[in-house]
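Source file protein-v5.cif; content: mmCIF, C-alpha atoms.
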```cif
data_input
#
loop_
_atom_site.group_PDB
_atom_site.id
_atom_site.type_symbol
_atom_site.label_atom_id
_atom_site.label_comp_id
_atom_site.auth_asym_id
_atom_site.auth_seq_id
_atom_site.Cartn_x
_atom_site.Cartn_y
_atom_site.Cartn_z
ATOM 1 C CA MET A 1 -23.405 5.181 -13.199
ATOM 2 C CA ASP A 2 -23.286 8.568 -11.493
ATOM 3 C CA THR A 3 -21.578 7.341 -8.319
ATOM 4 C CA ARG A 4 -18.879 4.843 -7.441
ATOM 5 C CA PRO A 5 -20.444 2.021 -5.416
ATOM 6 C CA ASP A 6 -17.360 1.930 -3.196
ATOM 7 C CA ALA A 7 -17.045 5.709 -2.782
ATOM 8 C CA PRO A 8 -17.084 6.894 0.854
ATOM 9 C CA MET A 9 -20.505 8.214 1.847
ATOM 10 C CA ALA A 10 -18.858 11.471 2.979
ATOM 11 C CA TRP A 11 -17.652 12.128 -0.599
ATOM 12 C CA ARG A 12 -21.107 11.520 -1.990
ATOM 13 C CA LEU A 13 -22.852 13.649 0.632
ATOM 14 C CA CYS A 14 -20.414 16.549 0.247
ATOM 15 C CA GLY A 15 -20.568 16.408 -3.538
ATOM 16 C CA HIS A 16 -24.357 16.450 -3.446
ATOM 17 C CA GLN A 17 -24.278 19.493 -1.167
ATOM 18 C CA ILE A 18 -21.991 21.313 -3.612
ATOM 19 C CA LYS A 19 -24.466 20.549 -6.383
ATOM 20 C CA LEU A 20 -27.461 21.747 -4.331
ATOM 21 C CA TRP A 21 -25.709 24.985 -3.328
ATOM 22 C CA ARG A 22 -24.611 25.560 -6.932
ATOM 23 C CA GLN A 23 -28.123 25.088 -8.267
ATOM 24 C CA ALA A 24 -29.611 27.327 -5.561
ATOM 25 C CA ALA A 25 -27.115 30.052 -6.520
ATOM 26 C CA ASN A 26 -28.037 29.597 -10.203
ATOM 27 C CA VAL A 27 -24.408 28.844 -11.108
ATOM 28 C CA SER A 28 -23.643 26.396 -13.895
ATOM 29 C CA ARG A 29 -21.160 23.584 -13.525
ATOM 30 C CA GLU A 30 -19.121 25.203 -16.298
ATOM 31 C CA GLU A 31 -18.955 28.478 -14.369
ATOM 32 C CA LEU A 32 -17.835 26.720 -11.180
ATOM 33 C CA ALA A 33 -15.197 24.765 -13.112
ATOM 34 C CA ALA A 34 -13.837 27.924 -14.736
ATOM 35 C CA GLU A 35 -13.654 29.776 -11.425
ATOM 36 C CA ALA A 36 -11.882 26.883 -9.712
ATOM 37 C CA GLY A 37 -9.555 26.170 -12.624
ATOM 38 C CA TYR A 38 -10.811 22.602 -13.079
ATOM 39 C CA GLY A 39 -12.224 20.786 -16.068
ATOM 40 C CA VAL A 40 -16.002 20.391 -16.136
ATOM 41 C CA GLU A 41 -15.723 16.605 -15.862
ATOM 42 C CA ALA A 42 -13.545 16.915 -12.742
ATOM 43 C CA VAL A 43 -16.188 19.055 -11.057
ATOM 44 C CA ARG A 44 -18.906 16.663 -12.139
ATOM 45 C CA SER A 45 -16.946 13.740 -10.670
ATOM 46 C CA MET A 46 -16.673 15.571 -7.339
ATOM 47 C CA GLU A 47 -20.359 16.424 -7.314
ATOM 48 C CA MET A 48 -21.299 12.842 -8.121
ATOM 49 C CA GLY A 49 -19.049 11.323 -5.442
ATOM 50 C CA ARG A 50 -16.696 9.533 -7.825
ATOM 51 C CA ARG A 51 -13.819 11.759 -6.706
ATOM 52 C CA ARG A 52 -13.081 13.371 -3.352
ATOM 53 C CA PRO A 53 -14.099 17.071 -3.376
ATOM 54 C CA SER A 54 -10.879 19.058 -3.067
ATOM 55 C CA GLN A 55 -10.321 21.747 -0.464
ATOM 56 C CA HIS A 56 -9.760 24.249 -3.279
ATOM 57 C CA LEU A 57 -13.114 23.476 -4.899
ATOM 58 C CA LEU A 58 -14.861 23.733 -1.535
ATOM 59 C CA GLN A 59 -13.267 27.135 -0.914
ATOM 60 C CA VAL A 60 -14.252 28.442 -4.355
ATOM 61 C CA ALA A 61 -17.772 27.022 -4.124
ATOM 62 C CA ASP A 62 -18.205 28.445 -0.630
ATOM 63 C CA SER A 63 -17.291 31.908 -1.872
ATOM 64 C CA MET A 64 -19.320 31.757 -5.097
ATOM 65 C CA PHE A 65 -22.470 30.431 -3.442
ATOM 66 C CA GLY A 66 -22.328 32.540 -0.268
ATOM 67 C CA ALA A 67 -22.232 29.460 1.946
ATOM 68 C CA HIS A 68 -20.372 31.326 4.745
ATOM 69 C CA GLY A 69 -18.039 28.442 5.553
ATOM 70 C CA LYS A 70 -20.655 25.701 5.465
ATOM 71 C CA LEU A 71 -19.124 23.959 2.441
ATOM 72 C CA GLU A 72 -15.476 24.573 3.324
ATOM 73 C CA SER A 73 -16.045 23.105 6.797
ATOM 74 C CA ALA A 74 -16.680 19.691 5.208
ATOM 75 C CA HIS A 75 -13.037 19.221 4.200
ATOM 76 C CA PRO A 76 -11.732 17.535 7.411
ATOM 77 C CA TYR A 77 -14.460 14.882 7.074
ATOM 78 C CA LEU A 78 -13.281 13.878 3.608
ATOM 79 C CA GLU A 79 -9.870 12.540 4.655
ATOM 80 C CA PRO A 80 -9.099 9.004 3.404
ATOM 81 C CA GLU A 81 -10.428 6.125 5.505
ATOM 82 C CA ARG A 82 -7.621 4.781 7.691
ATOM 83 C CA ILE A 83 -9.315 1.407 8.118
ATOM 84 C CA ALA A 84 -11.233 -0.446 5.410
ATOM 85 C CA SER A 85 -14.924 -0.473 6.321
ATOM 86 C CA ARG A 86 -15.123 -4.272 6.471
ATOM 87 C CA ALA A 87 -12.426 -4.397 9.183
ATOM 88 C CA ARG A 88 -13.449 -1.393 11.281
ATOM 89 C CA GLU A 89 -15.482 -3.275 13.895
ATOM 90 C CA TYR A 90 -12.770 -5.898 14.292
ATOM 91 C CA VAL A 91 -10.043 -3.256 14.788
ATOM 92 C CA GLY A 92 -12.123 -1.736 17.602
ATOM 93 C CA LEU A 93 -12.158 -5.092 19.405
ATOM 94 C CA GLU A 94 -8.481 -5.668 18.668
ATOM 95 C CA ALA A 95 -7.606 -2.435 20.479
ATOM 96 C CA GLU A 96 -9.171 -3.838 23.677
ATOM 97 C CA ALA A 97 -7.676 -7.321 23.407
ATOM 98 C CA ILE A 98 -6.195 -9.081 26.410
ATOM 99 C CA ALA A 99 -5.383 -12.065 24.173
ATOM 100 C CA LEU A 100 -5.144 -12.440 20.426
ATOM 101 C CA HIS A 101 -4.633 -15.633 18.438
ATOM 102 C CA TRP A 102 -3.851 -15.104 14.744
ATOM 103 C CA TYR A 103 -3.303 -17.577 11.909
ATOM 104 C CA GLU A 104 -2.152 -16.225 8.550
ATOM 105 C CA VAL A 105 -1.479 -18.106 5.326
ATOM 106 C CA LEU A 106 -0.177 -15.856 2.545
ATOM 107 C CA ILE A 107 0.892 -12.556 4.116
ATOM 108 C CA ILE A 108 2.539 -11.431 7.347
ATOM 109 C CA PRO A 109 -0.089 -10.573 10.013
ATOM 110 C CA GLY A 110 -0.897 -6.858 10.080
ATOM 111 C CA LEU A 111 0.356 -6.347 13.637
ATOM 112 C CA LEU A 112 3.770 -7.688 12.597
ATOM 113 C CA GLN A 113 4.293 -5.759 9.362
ATOM 114 C CA THR A 114 7.091 -3.283 8.726
ATOM 115 C CA GLU A 115 6.226 0.063 7.163
ATOM 116 C CA GLU A 116 7.669 -0.747 3.752
ATOM 117 C CA TYR A 117 6.043 -4.194 3.650
ATOM 118 C CA ALA A 118 2.668 -2.676 4.572
ATOM 119 C CA ARG A 119 3.129 0.013 1.920
ATOM 120 C CA ALA A 120 3.877 -2.625 -0.725
ATOM 121 C CA LEU A 121 0.571 -4.323 0.100
ATOM 122 C CA MET A 122 -1.489 -1.137 0.341
ATOM 123 C CA THR A 123 -0.240 0.381 -2.915
ATOM 124 C CA ASN A 124 -0.879 -2.765 -4.949
ATOM 125 C CA ARG A 125 -4.555 -3.271 -4.154
ATOM 126 C CA CYS A 126 -6.994 -4.367 -6.829
ATOM 127 C CA PRO A 127 -9.008 -2.333 -7.523
ATOM 128 C CA PRO A 128 -6.348 0.309 -6.752
ATOM 129 C CA VAL A 129 -6.821 3.046 -4.167
ATOM 130 C CA ASP A 130 -5.486 6.590 -4.362
ATOM 131 C CA LYS A 131 -2.125 7.428 -2.773
ATOM 132 C CA GLY A 132 -3.721 9.350 0.097
ATOM 133 C CA THR A 133 -5.888 6.384 1.079
ATOM 134 C CA ALA A 134 -2.949 3.985 0.825
ATOM 135 C CA GLU A 135 -0.753 6.167 3.052
ATOM 136 C CA ALA A 136 -3.556 6.655 5.587
ATOM 137 C CA ARG A 137 -3.967 2.887 5.840
ATOM 138 C CA VAL A 138 -0.223 2.341 6.214
ATOM 139 C CA ALA A 139 -0.213 4.855 9.089
ATOM 140 C CA ALA A 140 -3.165 3.113 10.727
ATOM 141 C CA ARG A 141 -1.476 -0.267 10.433
ATOM 142 C CA LEU A 142 1.718 1.026 12.020
ATOM 143 C CA GLN A 143 -0.292 2.566 14.837
ATOM 144 C CA ARG A 144 -1.926 -0.801 15.508
ATOM 145 C CA ARG A 145 1.525 -2.318 16.138
ATOM 146 C CA GLU A 146 1.612 -0.383 19.421
ATOM 147 C CA LEU A 147 -0.754 -3.024 20.819
ATOM 148 C CA LEU A 148 2.195 -5.374 21.099
ATOM 149 C CA GLN A 149 3.648 -3.082 23.771
ATOM 150 C CA LYS A 150 0.698 -3.914 26.032
ATOM 151 C CA GLU A 151 2.710 -6.193 28.303
ATOM 152 C CA THR A 152 -0.312 -7.725 30.037
ATOM 153 C CA ALA A 153 -1.833 -8.910 26.750
ATOM 154 C CA LEU A 154 -0.918 -12.206 25.069
ATOM 155 C CA PHE A 155 -0.297 -12.410 21.316
ATOM 156 C CA SER A 156 0.002 -15.780 19.594
ATOM 157 C CA PHE A 157 0.759 -15.836 15.863
ATOM 158 C CA VAL A 158 1.060 -18.826 13.551
ATOM 159 C CA ILE A 159 2.311 -17.932 10.070
ATOM 160 C CA HIS A 160 2.390 -20.386 7.185
ATOM 161 C CA GLU A 161 5.835 -20.697 5.612
ATOM 162 C CA ALA A 162 4.297 -19.615 2.289
ATOM 163 C CA ALA A 163 3.908 -16.093 3.709
ATOM 164 C CA LEU A 164 7.618 -15.970 4.535
ATOM 165 C CA ARG A 165 8.513 -16.760 0.934
ATOM 166 C CA SER A 166 6.076 -14.426 -0.820
ATOM 167 C CA LEU A 167 8.652 -11.693 -1.634
ATOM 168 C CA ALA A 168 6.041 -8.959 -1.212
ATOM 169 C CA GLY A 169 7.797 -5.682 -2.000
ATOM 170 C CA GLY A 170 10.893 -7.461 -3.310
ATOM 171 C CA PRO A 171 13.792 -9.377 -1.685
ATOM 172 C CA GLU A 172 15.227 -6.493 0.367
ATOM 173 C CA VAL A 173 11.848 -5.458 1.775
ATOM 174 C CA MET A 174 11.087 -9.072 2.599
ATOM 175 C CA LYS A 175 14.472 -9.612 4.242
ATOM 176 C CA ARG A 176 13.917 -6.661 6.574
ATOM 177 C CA GLN A 177 10.394 -7.886 7.276
ATOM 178 C CA LEU A 178 11.656 -11.335 8.285
ATOM 179 C CA ASN A 179 14.335 -9.863 10.516
ATOM 180 C CA TYR A 180 11.650 -7.743 12.160
ATOM 181 C CA LEU A 181 9.625 -10.890 12.883
ATOM 182 C CA VAL A 182 12.597 -12.363 14.735
ATOM 183 C CA GLU A 183 12.966 -9.145 16.733
ATOM 184 C CA VAL A 184 9.284 -8.951 17.712
ATOM 185 C CA GLY A 185 9.245 -12.640 18.573
ATOM 186 C CA GLU A 186 11.652 -11.909 21.425
ATOM 187 C CA LEU A 187 8.991 -9.912 23.318
ATOM 188 C CA HIS A 188 7.875 -11.845 26.380
ATOM 189 C CA ASN A 189 4.161 -11.556 25.521
ATOM 190 C CA VAL A 190 4.486 -12.460 21.818
ATOM 191 C CA SER A 191 4.710 -15.956 20.372
ATOM 192 C CA ILE A 192 5.499 -16.406 16.685
ATOM 193 C CA GLN A 193 5.360 -19.896 15.203
ATOM 194 C CA VAL A 194 5.763 -21.041 11.623
ATOM 195 C CA LEU A 195 3.673 -23.745 10.014
ATOM 196 C CA PRO A 196 6.187 -25.305 7.613
ATOM 197 C CA LEU A 197 5.462 -26.422 4.084
ATOM 198 C CA GLY A 198 4.752 -30.097 3.476
ATOM 199 C CA GLN A 199 2.280 -30.639 6.321
ATOM 200 C CA GLY A 200 -0.297 -32.377 4.151
ATOM 201 C CA VAL A 201 -3.896 -32.041 5.318
ATOM 202 C CA HIS A 202 -4.199 -29.825 8.408
ATOM 203 C CA PRO A 203 -6.770 -27.481 10.029
ATOM 204 C CA GLY A 204 -5.181 -24.379 8.483
ATOM 205 C CA LEU A 205 -6.039 -25.221 4.890
ATOM 206 C CA ASP A 206 -9.302 -23.270 4.999
ATOM 207 C CA GLY A 207 -7.565 -19.904 5.343
ATOM 208 C CA GLN A 208 -6.667 -17.174 7.804
ATOM 209 C CA PHE A 209 -8.567 -16.174 10.945
ATOM 210 C CA ILE A 210 -8.156 -14.319 14.224
ATOM 211 C CA VAL A 211 -9.637 -14.913 17.661
ATOM 212 C CA VAL A 212 -9.747 -11.957 20.056
ATOM 213 C CA GLU A 213 -10.463 -12.094 23.791
ATOM 214 C CA THR A 214 -11.706 -8.847 25.368
ATOM 215 C CA PRO A 215 -11.354 -7.690 29.008
ATOM 216 C CA ASP A 216 -14.790 -9.132 29.853
ATOM 217 C CA HIS A 217 -13.471 -12.517 28.609
ATOM 218 C CA LYS A 218 -15.676 -12.660 25.536
ATOM 219 C CA GLN A 219 -14.172 -14.195 22.429
ATOM 220 C CA TYR A 220 -14.753 -12.984 18.877
ATOM 221 C CA GLY A 221 -13.613 -14.608 15.654
ATOM 222 C CA TYR A 222 -12.687 -12.662 12.541
ATOM 223 C CA GLU A 223 -12.173 -14.002 9.022
ATOM 224 C CA GLU A 224 -11.277 -11.875 6.011
ATOM 225 C CA GLY A 225 -11.639 -12.735 2.339
ATOM 226 C CA GLN A 226 -10.975 -10.943 -0.925
ATOM 227 C CA VAL A 227 -13.730 -8.346 -0.520
ATOM 228 C CA THR A 228 -15.472 -9.191 2.751
ATOM 229 C CA GLY A 229 -14.713 -9.530 6.435
ATOM 230 C CA VAL A 230 -16.860 -11.519 8.857
ATOM 231 C CA LEU A 231 -16.872 -10.941 12.607
ATOM 232 C CA HIS A 232 -18.219 -13.844 14.657
ATOM 233 C CA ALA A 233 -19.773 -12.918 18.001
ATOM 234 C CA ASP A 234 -21.429 -16.330 18.342
ATOM 235 C CA VAL A 235 -19.814 -18.253 21.201
ATOM 236 C CA ASP A 236 -19.766 -21.566 19.344
ATOM 237 C CA ARG A 237 -18.146 -20.125 16.218
ATOM 238 C CA ALA A 238 -15.468 -18.290 18.197
ATOM 239 C CA SER A 239 -14.818 -21.438 20.236
ATOM 240 C CA ALA A 240 -14.461 -23.522 17.063
ATOM 241 C CA LEU A 241 -11.858 -21.109 15.689
ATOM 242 C CA MET A 242 -9.998 -21.151 19.002
ATOM 243 C CA LYS A 243 -9.842 -24.963 18.866
ATOM 244 C CA ARG A 244 -8.677 -24.794 15.270
ATOM 245 C CA HIS A 245 -5.891 -22.373 16.237
ATOM 246 C CA ALA A 246 -4.767 -24.786 18.949
ATOM 247 C CA MET A 247 -4.615 -27.646 16.442
ATOM 248 C CA ILE A 248 -2.647 -25.532 13.960
ATOM 249 C CA ARG A 249 -0.140 -24.684 16.697
ATOM 250 C CA MET A 250 0.366 -28.418 17.265
ATOM 251 C CA HIS A 251 1.411 -28.797 13.619
ATOM 252 C CA ALA A 252 3.674 -25.737 13.727
ATOM 253 C CA LEU A 253 7.315 -25.449 14.763
ATOM 254 C CA ASN A 254 7.913 -24.167 18.283
ATOM 255 C CA ALA A 255 9.007 -20.568 18.802
ATOM 256 C CA VAL A 256 12.756 -21.319 18.787
ATOM 257 C CA GLU A 257 12.564 -23.534 15.705
ATOM 258 C CA SER A 258 10.368 -20.948 14.002
ATOM 259 C CA ALA A 259 12.868 -18.145 14.630
ATOM 260 C CA GLU A 260 15.632 -20.306 13.164
ATOM 261 C CA LEU A 261 13.580 -21.004 10.042
ATOM 262 C CA ILE A 262 12.729 -17.314 9.617
ATOM 263 C CA LYS A 263 16.429 -16.440 9.875
ATOM 264 C CA ARG A 264 17.314 -19.086 7.268
ATOM 265 C CA VAL A 265 14.721 -17.787 4.815
ATOM 266 C CA ALA A 266 16.007 -14.224 5.381
ATOM 267 C CA ASP A 267 19.593 -15.341 4.771
ATOM 268 C CA GLU A 268 18.539 -16.872 1.449
ATOM 269 C CA LEU A 269 17.339 -13.494 0.152
#
```

Can I see the file as structure tokens?
Amino acid sequence: MDTRPDAPMAWRLCGHQIKLWRQAANVSREELAAEAGYGVEAVRSMEMGRRRPSQHLLQVADSMFGAHGKLESAHPYLEPERIASRAREYVGLEAEAIALHWYEVLIIPGLLQTEEYARALMTNRCPPVDKGTAEARVAARLQRRELLQKETALFSFVIHEAALRSLAGGPEVMKRQLNYLVEVGELHNVSIQVLPLGQGVHPGLDGQFIVVETPDHKQYGYEEGQVTGVLHADVDRASALMKRHAMIRMHALNAVESAELIKRVADEL
């Protein structure tokens, strides 16, 4: 295949433009590679969209092909995506939320993650992403935490105990993450509850989900899987998830009991 199916469209478009300008200038790929100090395969990968065109290659190509800044100007648009494409629409709604109800099974909810915990998740993706993309996504996740400072918005989290015991990033990272949960749980507009192990059959067995309420009092449901994310705008679907969240809360420990359990798990690390 000439292109990566998951490559950002901006990479592919920019690479194609480099190729078109090179061909119009009657410059071979070998000549461009030699001038830029890259291997021929590296240049080919950038032209085909498998690899992000570097600023250096854009500068060299711009000069060689007489593009007068047209190629070099593409560089700012090639920065790594801060939000995975499948979650972008949800994150836009999240930013407006007046109420958010989140149930998570295996990891700590994104809005509650510490920097080092988030980095451990982002740098161990499969398939892996480059370091720049991972760091951009960590920065975006930390920026999203600022939503919790919106004192007029309500945030209700239920976290399965399995997520507390996952050891993502190692014991020390996890210990600091758990202590951070206790700290955030003291905010007056944030409720953190733990669904303990050993609950048998309960409404949370089908996996994680989020329900967001926007300022116009519309509710949206969001579910994320291994490679897909589904945003539900349908009133009935969002309502069903809201009811499910309420039932899960009934099975969970209350906020005080949850904080005590989180502290105990942290102390065990």

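Take the candidates A:Val158, A:Leu241, A:Leu231, A:Val212 and check each one against Asn254 in chain A using all atoms listed in the file; the shortest distance goes to A:Val158.
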
With distances taken over all atoms listed in the file, which of A:Ile192, A:Ala233, A:Ala153, A:Leu205 is nearest to Val256 in chain A? A:Ile192

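Distance annotation: of A:Glu223, A:Glu79, A:Glu161, A:Glu186, the residue with the minimal separation from Ile107 in chain A is A:Glu161; atom set is only C-alpha atoms.
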
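Shortest atom-to-atom contact with Val227 in chain A among A:Gly132, A:Pro8, A:Pro127, A:Pro109: A:Pro127, counting all atoms listed in the file.
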
Would you kindly return, as a VMD selection string, each protein, DNA or RNA residue with an atom no farther than 12 Å from any atom of Ala87 in chain A, considering only C-alpha atoms and excluding same-chain residues fewer than 4 positions away? chain A and resid 81 to 83 91 to 94 110 137 141 210 222 to 225 227 to 231
